[in-house]
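**Q** Next up, model18.cif (mmCIF, C-alpha atoms (C1' of nucleotides)).
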data_run
#
loop_
_atom_site.label_atom_id
_atom_site.label_comp_id
_atom_site.auth_asym_id
_atom_site.auth_seq_id
_atom_site.Cartn_x
_atom_site.Cartn_y
_atom_site.Cartn_z
CA MET S 1 128.16 114.85 122.78
CA ALA S 2 131.25 116.99 122.63
CA LEU S 3 129.80 119.95 124.52
CA ALA S 4 128.66 117.56 127.23
CA HIS S 5 132.22 116.34 127.64
CA ALA S 6 133.67 119.82 127.62
CA ILE S 7 131.30 120.69 130.49
CA LEU S 8 132.26 117.56 132.41
CA ALA S 9 135.90 118.49 131.87
CA ALA S 10 135.21 121.93 133.30
CA LEU S 11 133.74 120.35 136.43
CA VAL S 12 136.54 117.88 137.14
CA HIS S 13 138.40 119.98 139.68
CA GLN S 14 135.62 122.10 141.09
CA PRO S 15 131.85 122.53 141.07
CA ARG S 16 130.50 125.42 139.03
CA SER S 17 127.15 127.05 138.34
CA GLY S 18 125.76 127.60 134.85
CA TYR S 19 126.91 131.17 135.09
CA ASP S 20 130.40 130.18 136.22
CA LEU S 21 130.62 127.74 133.33
CA THR S 22 129.57 130.44 130.90
CA LYS S 23 132.43 132.59 132.17
CA TYR S 24 134.79 129.64 132.06
CA PHE S 25 133.84 129.08 128.43
CA GLU S 26 134.95 132.60 127.68
CA ARG S 27 138.46 131.83 128.94
CA SER S 28 140.25 128.56 129.53
CA ILE S 29 138.27 125.71 127.96
CA GLY S 30 136.49 128.27 125.85
CA PHE S 31 139.76 128.86 124.00
CA PHE S 32 139.21 125.57 122.22
CA TRP S 33 135.55 124.83 122.83
CA ASN S 34 133.09 127.66 122.96
CA ALA S 35 129.45 127.59 123.95
CA SER S 36 126.78 130.14 124.71
CA HIS S 37 124.96 130.23 128.03
CA GLN S 38 121.80 128.93 126.36
CA GLN S 39 123.60 125.85 125.18
CA ILE S 40 125.22 125.36 128.56
CA TYR S 41 121.98 125.52 130.57
CA ARG S 42 120.28 123.11 128.18
CA GLU S 43 123.18 120.70 128.34
CA LEU S 44 123.37 120.92 132.15
CA ALA S 45 119.71 119.86 132.36
CA LYS S 46 120.43 116.85 130.17
CA LEU S 47 123.56 115.88 132.07
CA GLU S 48 121.71 116.08 135.36
CA ALA S 49 118.88 113.92 133.99
CA GLN S 50 121.48 111.31 133.04
CA ASN S 51 123.01 111.58 136.49
CA TRP S 52 126.42 112.52 135.17
CA ILE S 53 126.28 115.64 137.30
CA ASP S 54 124.19 116.71 140.26
CA SER S 55 123.29 120.10 141.60
CA GLU S 56 123.21 121.83 144.91
CA ALA S 57 121.11 124.96 145.44
CA ILE S 58 123.06 127.81 146.99
CA ALA S 59 121.03 130.63 148.52
CA GLN S 60 122.77 133.97 148.29
CA ALA S 61 122.01 137.21 150.03
CA SER S 62 121.75 140.23 147.73
CA ARG S 63 122.19 138.02 144.70
CA PRO S 64 120.08 135.52 142.80
CA ASP S 65 120.32 131.98 144.09
CA LYS S 66 122.47 129.66 142.09
CA LYS S 67 122.84 125.97 141.39
CA LEU S 68 126.27 124.49 141.84
CA TYR S 69 126.87 121.49 139.64
CA HIS S 70 129.16 118.65 140.71
CA LEU S 71 130.51 115.79 138.67
CA THR S 72 129.04 112.47 139.89
CA PRO S 73 131.15 109.30 139.99
CA LEU S 74 129.18 108.15 136.94
CA GLY S 75 130.01 111.37 135.12
CA HIS S 76 133.65 111.06 136.08
CA GLN S 77 133.71 107.55 134.72
CA HIS S 78 132.13 108.52 131.41
CA LEU S 79 134.48 111.44 131.00
CA THR S 80 137.53 109.29 131.68
CA GLN S 81 136.33 106.73 129.17
CA TRP S 82 135.76 109.41 126.55
CA VAL S 83 139.21 110.90 127.10
CA ALA S 84 140.78 107.52 126.46
CA GLU S 85 138.92 107.05 123.14
CA PRO S 86 140.63 108.07 119.92
CA CYS S 87 139.05 110.93 117.97
CA GLU S 88 139.23 112.26 114.44
CA ALA S 89 141.16 115.29 113.38
CA VAL S 90 138.74 118.18 113.08
CA ALA S 91 138.36 119.87 109.73
CA MET S 92 138.99 123.55 109.39
CA LYS S 93 135.90 125.66 108.83
CA ASP S 94 136.59 129.25 108.11
CA ASP S 95 134.52 132.00 106.50
CA LEU S 96 137.52 134.17 105.86
CA LEU S 97 139.20 131.48 103.78
CA VAL S 98 136.10 131.06 101.64
CA LYS S 99 136.19 134.82 101.08
CA VAL S 100 139.89 134.80 100.24
CA PHE S 101 139.31 131.86 97.89
CA VAL S 102 137.03 133.99 95.74
CA GLY S 103 138.85 137.20 96.60
CA SER S 104 139.16 138.06 92.92
CA LEU S 105 135.45 139.02 92.98
CA VAL S 106 136.22 142.19 94.90
CA SER S 107 138.90 144.86 94.90
CA THR S 108 142.19 143.60 96.35
CA SER S 109 142.20 146.37 98.94
CA VAL S 110 139.00 144.95 100.47
CA ILE S 111 140.74 141.65 101.10
CA GLU S 112 143.88 143.40 102.29
CA GLN S 113 141.93 145.38 104.85
CA GLU S 114 140.16 142.29 106.10
CA LEU S 115 143.44 140.41 106.40
CA ALA S 116 144.96 143.29 108.32
CA ARG S 117 141.97 143.36 110.66
CA HIS S 118 142.19 139.63 111.33
CA ARG S 119 145.92 139.91 111.87
CA GLN S 120 145.11 142.45 114.57
CA LEU S 121 142.46 140.21 116.18
CA HIS S 122 144.87 137.31 116.30
CA SER S 123 147.72 139.31 117.73
CA GLU S 124 145.43 140.49 120.52
CA LYS S 125 144.51 136.92 121.29
CA LEU S 126 148.16 135.93 121.16
CA ALA S 127 149.01 138.66 123.65
CA THR S 128 146.32 137.35 126.01
CA TYR S 129 147.68 133.83 125.79
CA LYS S 130 151.24 134.98 126.36
CA THR S 131 150.18 136.87 129.45
CA ILE S 132 148.57 133.73 130.83
CA GLN S 133 151.69 131.78 130.01
CA GLN S 134 153.89 134.20 131.90
CA GLU S 135 151.57 134.40 134.88
CA TYR S 136 150.84 130.74 135.40
CA PHE S 137 153.37 128.65 133.56
CA GLN S 138 156.84 129.96 134.08
CA ALA S 139 158.70 126.67 134.42
CA PRO S 140 156.84 124.09 132.33
CA ARG S 141 159.28 121.30 133.11
CA GLN S 142 158.60 121.68 136.82
CA LEU S 143 154.83 121.67 136.48
CA PRO S 144 152.83 118.96 138.23
CA GLU S 145 151.05 116.72 135.73
CA VAL S 146 147.60 118.22 136.40
CA ASP S 147 148.89 121.59 135.23
CA LEU S 148 151.08 120.31 132.42
CA PHE S 149 148.06 119.29 130.33
CA PRO S 150 146.32 122.67 130.45
CA TYR S 151 149.71 124.20 129.67
CA LEU S 152 149.90 122.12 126.49
CA THR S 153 146.53 123.41 125.35
CA LEU S 154 147.72 126.95 125.97
CA ARG S 155 150.81 126.25 123.87
CA ARG S 156 148.52 125.13 121.08
CA GLY S 157 146.61 128.38 121.35
CA ILE S 158 149.82 130.37 121.14
CA ARG S 159 151.07 128.46 118.12
CA HIS S 160 147.70 128.73 116.46
CA GLU S 161 147.51 132.50 116.78
CA GLN S 162 151.12 132.88 115.68
CA GLU S 163 150.45 130.76 112.63
CA TRP S 164 147.51 133.01 111.74
CA ILE S 165 149.62 136.12 112.05
CA ASP S 166 152.39 134.65 109.90
CA TRP S 167 149.92 133.64 107.22
CA CYS S 168 148.31 137.07 107.19
CA ASP S 169 151.77 138.57 106.74
CA GLU S 170 152.60 136.24 103.87
CA ALA S 171 149.26 136.90 102.19
CA LEU S 172 149.52 140.66 102.63
CA GLU S 173 153.02 140.69 101.26
CA LEU S 174 152.03 138.79 98.13
CA LEU S 175 148.96 140.93 97.58
CA THR S 176 150.77 144.19 98.20
CA LYS S 177 153.62 143.33 95.82
CA ARG S 178 151.01 142.59 93.23
CA SER S 179 149.05 145.81 93.65
CA ASP S 180 152.35 147.72 93.47
CA ASP S 181 152.95 146.16 90.06
CA LYS S 182 149.55 147.11 88.76
CA PRO S 183 148.33 150.23 90.54
CA VAL S 184 144.58 150.95 90.38
CA MET O 1 124.36 131.01 105.61
CA ALA O 2 128.00 130.11 105.36
CA LEU O 3 127.48 126.83 103.54
CA ALA O 4 125.31 128.65 101.03
CA HIS O 5 128.15 131.04 100.31
CA ALA O 6 130.71 128.27 100.09
CA ILE O 7 128.53 126.62 97.44
CA LEU O 8 128.15 129.87 95.54
CA ALA O 9 131.93 130.28 95.70
CA ALA O 10 132.33 126.79 94.23
CA LEU O 11 130.10 127.75 91.31
CA VAL O 12 131.78 131.03 90.39
CA HIS O 13 134.00 129.70 87.63
CA GLN O 14 131.99 126.73 86.42
CA PRO O 15 128.64 125.02 86.80
CA ARG O 16 128.60 121.85 88.87
CA SER O 17 126.11 119.16 89.83
CA GLY O 18 125.35 118.17 93.42
CA TYR O 19 127.64 115.23 92.95
CA ASP O 20 130.44 117.38 91.53
CA LEU O 21 130.06 119.74 94.47
CA THR O 22 130.26 116.86 96.91
CA LYS O 23 133.56 115.83 95.32
CA TYR O 24 134.74 119.43 95.32
CA PHE O 25 134.00 119.63 99.03
CA GLU O 26 136.34 116.71 99.56
CA ARG O 27 139.22 118.67 98.04
CA SER O 28 139.70 122.36 97.34
CA ILE O 29 137.03 124.35 99.17
CA GLY O 30 136.47 121.34 101.39
CA PHE O 31 139.90 121.95 102.90
CA PHE O 32 138.41 124.87 104.80
CA TRP O 33 134.67 124.26 104.57
CA ASN O 34 133.35 120.75 104.57
CA ALA O 35 129.83 119.53 103.94
CA SER O 36 128.16 116.20 103.37
CA HIS O 37 126.18 115.45 100.22
CA GLN O 38 122.93 115.58 102.19
CA GLN O 39 123.66 119.10 103.31
CA ILE O 40 124.68 120.11 99.82
CA TYR O 41 121.52 118.84 98.12
CA ARG O 42 119.33 120.50 100.73
CA GLU O 43 121.18 123.77 100.34
CA LEU O 44 121.05 123.60 96.54
CA ALA O 45 117.25 123.31 96.71
CA LYS O 46 117.11 126.40 98.92
CA LEU O 47 119.48 128.40 96.74
CA GLU O 48 117.49 127.55 93.64
CA ALA O 49 114.24 128.58 95.35
CA GLN O 50 115.85 131.95 96.10
CA ASN O 51 117.02 132.21 92.52
CA TRP O 52 120.67 132.55 93.49
CA ILE O 53 121.42 129.56 91.29
CA ASP O 54 119.53 127.81 88.50
CA SER O 55 119.76 124.30 87.15
CA GLU O 56 119.97 122.65 83.79
CA ALA O 57 119.07 118.99 83.36
CA ILE O 58 121.73 117.03 81.52
CA ALA O 59 120.71 113.67 80.07
CA GLN O 60 123.57 111.20 80.03
CA ALA O 61 123.91 107.90 78.25
CA SER O 62 124.98 105.00 80.45
CA ARG O 63 124.85 107.20 83.53
CA PRO O 64 122.12 108.75 85.66
CA ASP O 65 120.96 112.15 84.50
CA LYS O 66 122.32 115.08 86.39
CA LYS O 67 121.43 118.64 87.20
CA LEU O 68 124.06 121.23 86.51
CA TYR O 69 123.80 124.28 88.73
CA HIS O 70 124.82 127.72 87.52
CA LEU O 71 125.28 130.88 89.51
CA THR O 72 122.63 133.46 88.54
CA PRO O 73 123.48 137.17 88.31
CA LEU O 74 121.54 137.59 91.57
CA GLY O 75 123.63 134.87 93.22
CA HIS O 76 126.83 136.42 91.91
CA GLN O 77 125.79 139.75 93.35
CA HIS O 78 124.98 138.30 96.77
CA LEU O 79 128.25 136.38 96.87
CA THR O 80 130.27 139.46 95.94
CA GLN O 81 128.50 141.46 98.62
CA TRP O 82 129.15 138.76 101.22
CA VAL O 83 132.85 138.57 100.31
CA ALA O 84 133.19 142.30 100.84
CA GLU O 85 131.63 142.14 104.32
CA PRO O 86 133.92 141.83 107.33
CA CYS O 87 133.63 138.63 109.36
CA GLU O 88 134.61 137.49 112.82
CA ALA O 89 137.59 135.33 113.62
CA VAL O 90 136.34 131.78 114.10
CA ALA O 91 136.90 130.12 117.43
CA MET O 92 138.81 126.88 117.64
CA LYS O 93 136.70 123.85 118.46
CA ASP O 94 138.67 120.75 119.05
CA ASP O 95 137.87 117.49 120.82
CA LEU O 96 141.48 116.52 121.14
CA LEU O 97 142.33 119.67 123.07
CA VAL O 98 139.50 119.02 125.52
CA LYS O 99 140.95 115.56 126.02
CA VAL O 100 144.46 116.87 126.49
CA PHE O 101 143.14 119.48 128.91
CA VAL O 102 141.96 116.74 131.25
CA GLY O 103 144.69 114.33 130.18
CA SER O 104 145.64 113.72 133.80
CA LEU O 105 142.52 111.54 134.12
CA VAL O 106 144.14 108.79 132.07
CA SER O 107 147.55 107.24 131.74
CA THR O 108 150.05 109.50 129.98
CA SER O 109 150.76 106.86 127.37
CA VAL O 110 147.13 107.03 126.19
CA ILE O 111 147.54 110.72 125.44
CA GLU O 112 150.95 110.16 123.91
CA GLN O 113 149.58 107.57 121.52
CA GLU O 114 146.72 109.81 120.50
CA LEU O 115 149.10 112.71 119.90
CA ALA O 116 151.34 110.50 117.77
CA ARG O 117 148.33 109.36 115.77
CA HIS O 118 147.17 112.91 115.14
CA ARG O 119 150.68 113.94 114.22
CA GLN O 120 150.55 111.23 111.56
CA LEU O 121 147.14 112.37 110.26
CA HIS O 122 148.37 115.93 109.95
CA SER O 123 151.57 115.02 108.20
CA GLU O 124 149.58 113.08 105.63
CA LYS O 125 147.41 116.09 105.02
CA LEU O 126 150.49 118.29 104.81
CA ALA O 127 151.97 115.98 102.18
CA THR O 128 148.76 116.24 100.12
CA TYR O 129 148.82 120.01 100.28
CA LYS O 130 152.49 120.16 99.34
CA THR O 131 151.87 117.98 96.33
CA ILE O 132 149.12 120.34 95.18
CA GLN O 133 151.44 123.26 95.72
CA GLN O 134 154.15 121.72 93.58
CA GLU O 135 151.78 120.71 90.82
CA TYR O 136 149.77 123.87 90.45
CA PHE O 137 151.58 126.74 92.07
CA GLN O 138 155.23 126.71 91.21
CA ALA O 139 155.78 130.41 90.75
CA PRO O 140 153.33 132.23 93.06
CA ARG O 141 154.55 135.67 92.08
CA GLN O 142 153.70 135.03 88.45
CA LEU O 143 150.20 133.74 89.18
CA PRO O 144 147.22 135.58 87.68
CA GLU O 145 145.05 137.10 90.38
CA VAL O 146 142.29 134.51 90.04
CA ASP O 147 144.78 131.79 91.01
CA LEU O 148 146.66 133.79 93.61
CA PHE O 149 143.69 133.72 95.99
CA PRO O 150 143.24 129.95 95.99
CA TYR O 151 147.01 129.70 96.39
CA LEU O 152 146.79 131.77 99.57
CA THR O 153 144.20 129.40 101.03
CA LEU O 154 146.47 126.48 100.23
CA ARG O 155 149.32 128.24 102.02
CA ARG O 156 147.08 128.55 105.04
CA GLY O 157 146.39 124.83 104.91
CA ILE O 158 150.10 124.06 104.76
CA ARG O 159 150.92 126.34 107.66
CA HIS O 160 148.01 124.95 109.66
CA GLU O 161 149.11 121.34 109.30
CA GLN O 162 152.72 122.26 110.02
CA GLU O 163 151.66 124.07 113.16
CA TRP O 164 149.78 120.96 114.29
CA ILE O 165 152.81 118.76 113.73
CA ASP O 166 155.09 121.16 115.61
CA TRP O 167 152.70 121.29 118.54
CA CYS O 168 152.41 117.51 118.67
CA ASP O 169 156.19 117.31 118.76
CA GLU O 170 156.44 119.84 121.56
CA ALA O 171 153.72 118.10 123.57
CA LEU O 172 155.23 114.67 123.04
CA GLU O 173 158.63 115.88 124.05
CA LEU O 174 157.36 117.39 127.28
CA LEU O 175 155.31 114.32 128.12
CA THR O 176 158.07 111.88 127.28
CA LYS O 177 160.66 113.72 129.35
CA ARG O 178 158.23 113.57 132.22
CA SER O 179 157.45 109.88 131.94
CA ASP O 180 161.21 109.20 131.76
CA ASP O 181 161.54 110.94 135.13
CA LYS O 182 158.82 108.92 136.76
CA PRO O 183 158.57 105.54 135.10
CA VAL O 184 155.32 103.60 135.66
"C1'" DT L 1 120.00 156.93 136.52
"C1'" DC L 2 122.32 154.21 133.27
"C1'" DG L 3 124.60 150.32 132.35
"C1'" DC L 4 127.05 146.27 133.90
"C1'" DC L 5 127.28 142.11 136.73
"C1'" DC L 6 124.96 138.28 138.65
"C1'" DA L 7 121.82 134.43 137.56
"C1'" DT L 8 118.67 131.43 134.95
"C1'" DG L 9 116.01 130.11 131.64
"C1'" DT L 10 112.43 129.38 127.04
"C1'" DA L 11 111.40 129.42 122.03
"C1'" DA L 12 112.26 129.54 117.33
"C1'" DT L 13 115.19 128.82 113.74
"C1'" DA L 14 119.35 127.30 111.38
"C1'" DA L 15 122.88 124.03 110.61
"C1'" DG L 16 124.89 119.56 110.78
"C1'" DT L 17 124.93 114.41 111.33
"C1'" DT L 18 123.28 109.75 110.74
"C1'" DA L 19 120.47 106.54 108.74
"C1'" DC L 20 117.70 105.11 105.00
"C1'" DA L 21 116.78 104.61 99.98
"C1'" DT L 22 117.54 103.51 94.93
"C1'" DG L 23 119.80 101.90 90.78
"C1'" DA L 24 122.77 101.57 86.62
"C1'" DT L 25 127.68 101.01 84.96
"C1'" DT L 26 132.38 99.80 85.11
"C1'" DC L 27 136.52 97.56 86.61
"C1'" DG L 28 139.06 93.79 88.60
"C1'" DC J 1 130.37 88.36 91.13
"C1'" DG J 2 131.42 91.99 94.17
"C1'" DA J 3 132.96 96.61 95.02
"C1'" DA J 4 133.45 101.24 93.59
"C1'" DT J 5 131.74 105.20 91.00
"C1'" DC J 6 128.10 108.05 89.35
"C1'" DA J 7 123.86 110.39 90.73
"C1'" DT J 8 120.09 112.14 93.67
"C1'" DG J 9 117.50 112.50 97.26
"C1'" DT J 10 114.21 111.98 102.17
"C1'" DA J 11 113.66 111.58 107.23
"C1'" DA J 12 114.89 111.72 111.86
"C1'" DC J 13 117.63 113.50 115.08
"C1'" DT J 14 121.20 116.30 117.39
"C1'" DT J 15 123.59 120.74 117.88
"C1'" DA J 16 124.11 125.52 117.66
"C1'" DT J 17 122.55 130.29 117.10
"C1'" DT J 18 119.52 134.19 117.80
"C1'" DA J 19 115.98 136.40 119.99
"C1'" DC J 20 113.14 136.93 123.88
"C1'" DA J 21 112.44 137.22 128.94
"C1'" DT J 22 113.17 138.60 133.94
"C1'" DG J 23 115.01 141.08 137.88
"C1'" DG J 24 117.84 142.74 141.91
"C1'" DG J 25 122.35 145.00 143.32
"C1'" DC J 26 126.13 148.03 142.66
"C1'" DG J 27 129.33 151.48 141.04
"C1'" DA J 28 130.21 155.89 138.19
#
Now, as a test, write the supplied structure out as structure tokens.
**A**
Amino acid sequence: MALAHAILAALVHQPRSGYDLTKYFERSIGFFWNASHQQIYRELAKLEAQNWIDSEAIAQASRPDKKLYHLTPLGHQHLTQWVAEPCEAVAMKDDLLVKVFVGSLVSTSVIEQELARHRQLHSEKLATYKTIQQEYFQAPRQLPEVDLFPYLTLRRGIRHEQEWIDWCDEALELLTKRSDDKPV
Amino acid sequence: MALAHAILAALVHQPRSGYDLTKYFERSIGFFWNASHQQIYRELAKLEAQNWIDSEAIAQASRPDKKLYHLTPLGHQHLTQWVAEPCEAVAMKDDLLVKVFVGSLVSTSVIEQELARHRQLHSEKLATYKTIQQEYFQAPRQLPEVDLFPYLTLRRGIRHEQEWIDWCDEALELLTKRSDDKPV
DNA sequence: TCGCCCATGTAATAAGTTACATGATTCG
DNA sequence: CGAATCATGTAACTTATTACATGGGCGA
């Protein structure tokens, strides 16, 4: 159900094609709910069958035709209802932490390298988010409500990536101190 | 594949039954990789078929018999290999953020209440983690390597919950300021 | 001319959730 | 006497991932 709602959410302010949605799920909403194009097309078919969205065929010259999907009043209603429902806190699910948990199985340097690599990945993501923040959200207190909510999700992304980086630093420091004590 | 490896990781230092594993996935490893008992039993059957684990029937008086699963040398080898492999950063996937993203569809107080509730959930989890930290990991720099790695995962849990709380506070502050400006 | 962008899908497999199913013991 | 704990599973269903499939236009 959750992907369905994420798609409806992506259609609230404008119609989009499957392709557009796929792109949108690589930025924006995709920062906290990702989906592949295969999933999206399948879900769009279901949503249309339920009449939560409808589609409009757009013929294009020098490009494949596309189907623009719109939220129907029914879809809008279901989405609104869902937003108002309480939800559970999601559990973390992270490969890297499982690996770190049994990190003693391999040489410490293997874990150190992996932590350094992830630190890099997260700082790149952080940089992306900060760029978006500077470009679109300069004065958060003056934002109209419609934009304030997406801003909050961006803030969560920024905090999340920062938290990752800080943890990697803490972990690397502890591991490095240790390998200094007992050199290989 | 990931659940399989999480189970192998849970069996590294001691054999466990399906039931034990289920409990273990409610604490410890479960803090960053959760699984239901149904999933666990299914996966155990697969792992045993592959000879990555083997089982020993334990007859018990006044309790149902149980099967204790041990990691085989083959399983140990596969786990070690997997730990040494690099992995991708996992994407966030969070219902609440989708809801916040389109929070303008509902009354601000609905979102505020939900944020307050989640703040509460996360501070409870944080308290749990901090208790574990105090009980088992008082002097991290003196920890033997085998315990240092689990300690690092606990630190991640603590930072993660703290980050959640901080974000909830930031979001609530911004929303509250706003609803003060324009009372309903 | 090679690869990327646009554009949409199907099929097979893997993973996860929900519901169903059983049954003894122990504690309040 | 009822609820929780111990203990193990099957079945149905929903979601997600990976691989396969097609094909024109456009820029380097």
**Q** Near segment 147-149 of chain O, within 9 Å and counting all atoms listed in the file, which residues show up once chain neighbours fewer than 5 positions away are dropped, as JSON, numbers by chain?
**A** {"S": [100, 101, 102, 103, 104, 171, 174, 175], "O": [137, 140, 141, 142, 154]}
**Q** Can you pull out the residues contacting segment 75-81 of chain O? Cut-off 12 Å, using all atoms listed in the file, and skip same-chain residues under 5 positions away; I want them as a PyMOL selection string.
**A** (chain S and resi 98-107+110-111) or (chain O and resi 1-13+47-54+69-70+86)
**Q** Filtering to C-alpha atoms, could you give me those residues as a short mmCIF file (atom, residue, chain, number, x, y, z; two decimals), in the frame of the given file?
**A**
data_model
loop_
_atom_site.label_atom_id
_atom_site.label_comp_id
_atom_site.auth_asym_id
_atom_site.auth_seq_id
_atom_site.Cartn_x
_atom_site.Cartn_y
_atom_site.Cartn_z
CA VAL S 98 136.10 131.06 101.64
CA LYS S 99 136.19 134.82 101.08
CA VAL S 100 139.89 134.80 100.24
CA PHE S 101 139.31 131.86 97.89
CA VAL S 102 137.03 133.99 95.74
CA GLY S 103 138.85 137.20 96.60
CA SER S 104 139.16 138.06 92.92
CA LEU S 105 135.45 139.02 92.98
CA VAL S 106 136.22 142.19 94.90
CA SER S 107 138.90 144.86 94.90
CA VAL S 110 139.00 144.95 100.47
CA ILE S 111 140.74 141.65 101.10
CA MET O 1 124.36 131.01 105.61
CA ALA O 2 128.00 130.11 105.36
CA LEU O 3 127.48 126.83 103.54
CA ALA O 4 125.31 128.65 101.03
CA HIS O 5 128.15 131.04 100.31
CA ALA O 6 130.71 128.27 100.09
CA ILE O 7 128.53 126.62 97.44
CA LEU O 8 128.15 129.87 95.54
CA ALA O 9 131.93 130.28 95.70
CA ALA O 10 132.33 126.79 94.23
CA LEU O 11 130.10 127.75 91.31
CA VAL O 12 131.78 131.03 90.39
CA HIS O 13 134.00 129.70 87.63
CA LEU O 47 119.48 128.40 96.74
CA GLU O 48 117.49 127.55 93.64
CA ALA O 49 114.24 128.58 95.35
CA GLN O 50 115.85 131.95 96.10
CA ASN O 51 117.02 132.21 92.52
CA TRP O 52 120.67 132.55 93.49
CA ILE O 53 121.42 129.56 91.29
CA ASP O 54 119.53 127.81 88.50
CA TYR O 69 123.80 124.28 88.73
CA HIS O 70 124.82 127.72 87.52
CA PRO O 86 133.92 141.83 107.33
#
**Q** With all atoms listed in the file as the basis for distance, which of O:Lys66, O:Arg16, O:Arg178, O:His37 is at the shortest distance from chain S?
**A**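 Once distances to chain S are computed over all atoms listed in the file, the minimum belongs to O:Arg178.
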**Q** Could you write out as a list in words the residues of chain S within 8 Å of chain J, counting only C-alpha atoms (C1' of nucleotides)?
**A** Gln39, Ser62, Arg63 and Pro64 of chain S
**Q** Would you mind listing, as a list in words, all residues of chain S that have at least one atom within 12 Å of chain L, where only C-alpha atoms (C1' of nucleotides) are what counts?
**A**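 That gives the following set of residues: Met1, Ser17, Gly18, Tyr19, Asp20, Leu21, Thr22, Lys23, His37, Gln38, Gln39, Ile40, Tyr41, Arg42, Leu44, Ala45, Ile58, Ala59, Gln60, Ala61, Ser62, Arg63, Pro64, Asp65, Lys66, Lys67 and Leu68 of chain S.
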**Q** Could you name the residues that touch Arg156 of chain O at 9 Å or less, counting all atoms listed in the file, but leaving out those on the same chain fewer than 3 positions away, as a PyMOL selection string?
**A** (chain S and resi 97+163-164+167-168) or (chain O and resi 151-153+159-161)
**Q** Which value, in Å to one decimal, gives the distance between atom CA of Glu173 of chain O and atom CA of Gln120 of chain O?
**A**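 Computing the Euclidean distance for atom CA of Glu173 of chain O and atom CA of Gln120 of chain O yields 15.6 Å.
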**Q** Do you know which residues lie at most 12 Å from (152.2, 114.1, 109.3), with coordinates as in the file and only C-alpha atoms (C1' of nucleotides) counted, and could you write them as a compact mmCIF listing (two decimals) with C-alpha atoms, keeping the file's coordinate frame?
**A**
# COMPACT_ATOMS: atom_id res chain seq x y z
CA ALA S 89 141.16 115.29 113.38
CA LEU O 115 149.10 112.71 119.90
CA ALA O 116 151.34 110.50 117.77
CA ARG O 117 148.33 109.36 115.77
CA HIS O 118 147.17 112.91 115.14
CA ARG O 119 150.68 113.94 114.22
CA GLN O 120 150.55 111.23 111.56
CA LEU O 121 147.14 112.37 110.26
CA HIS O 122 148.37 115.93 109.95
CA SER O 123 151.57 115.02 108.20
CA GLU O 124 149.58 113.08 105.63
CA LYS O 125 147.41 116.09 105.02
CA LEU O 126 150.49 118.29 104.81
CA ALA O 127 151.97 115.98 102.18
CA THR O 128 148.76 116.24 100.12
CA TYR O 129 148.82 120.01 100.28
CA LYS O 130 152.49 120.16 99.34
CA ILE O 158 150.10 124.06 104.76
CA HIS O 160 148.01 124.95 109.66
CA GLU O 161 149.11 121.34 109.30
CA GLN O 162 152.72 122.26 110.02
CA GLU O 163 151.66 124.07 113.16
CA TRP O 164 149.78 120.96 114.29
CA ILE O 165 152.81 118.76 113.73
CA ASP O 166 155.09 121.16 115.61
CA TRP O 167 152.70 121.29 118.54
CA CYS O 168 152.41 117.51 118.67
CA ASP O 169 156.19 117.31 118.76
**Q** If we count only C-alpha atoms (C1' of nucleotides) and set the cut-off at 10 Å, which residues sit around Cys87 of chain S, ignoring sequence neighbours fewer than 3 positions away in its own chain? Please answer as a list of chain:residue names.
**A** S:Trp82, S:Val83, S:Ala84, S:Val90, O:Asp94, O:Asp95, O:Leu96, O:Lys99, O:Glu114, O:Arg117, O:His118
**Q** So what do you get for atom CA of Arg27 of chain O versus atom CA of Gly157 of chain O, distance-wise?
**A**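 Computed distance, atom CA of Arg27 of chain O to atom CA of Gly157 of chain O, equals 11.7 Å.
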**Q** S:Ala139, S:Val146, S:Ala35, S:Leu71: which is nearest chain O, counting all atoms listed in the file?
**A**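 Of the candidates, the smallest distance to chain O is held by S:Val146.
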**Q** Suppose you want the space between atom CA of Ser28 of chain S and atom CA of Gln138 of chain S; what is it in Å?
**A**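 Separation of atom CA of Ser28 of chain S and atom CA of Gln138 of chain S: 17.3 Å.
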**Q** Between O:Ala57, O:Leu172, O:Leu143, O:Met92, which residue has the minimum interatomic distance to chain S, considering all atoms listed in the file?
**A**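 Closest candidate: O:Met92.
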**Q** Identify which of the residues S:Ser55, S:Phe31, S:Gln134, S:Thr72 lies closest to chain O, counting all atoms listed in the file when measuring atom-to-atom distances.
**A**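 Smallest separation from chain O among the options: S:Phe31.
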**Q** Hey, could you patch up segment 68-72 of chain O with N, CA and C atoms and hand it over as a short mmCIF file (atom, residue, chain, number, x, y, z; two decimals), keeping the file's coordinate frame?
**A**
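So the final result, stored in out-v4.cif, reads:
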data_model
loop_
_atom_site.label_atom_id
_atom_site.label_comp_id
_atom_site.auth_asym_id
_atom_site.auth_seq_id
_atom_site.Cartn_x
_atom_site.Cartn_y
_atom_site.Cartn_z
N LEU O 68 122.94 120.31 86.39
CA LEU O 68 124.06 121.23 86.51
C LEU O 68 123.57 122.56 87.07
N TYR O 69 124.21 123.01 88.13
CA TYR O 69 123.80 124.28 88.73
C TYR O 69 124.71 125.41 88.29
N HIS O 70 124.08 126.51 87.91
CA HIS O 70 124.82 127.72 87.52
C HIS O 70 124.53 128.83 88.52
N LEU O 71 125.50 129.68 88.71
CA LEU O 71 125.28 130.88 89.51
C LEU O 71 124.46 131.86 88.67
N THR O 72 123.39 132.43 89.26
CA THR O 72 122.63 133.46 88.54
C THR O 72 123.28 134.82 88.80
#
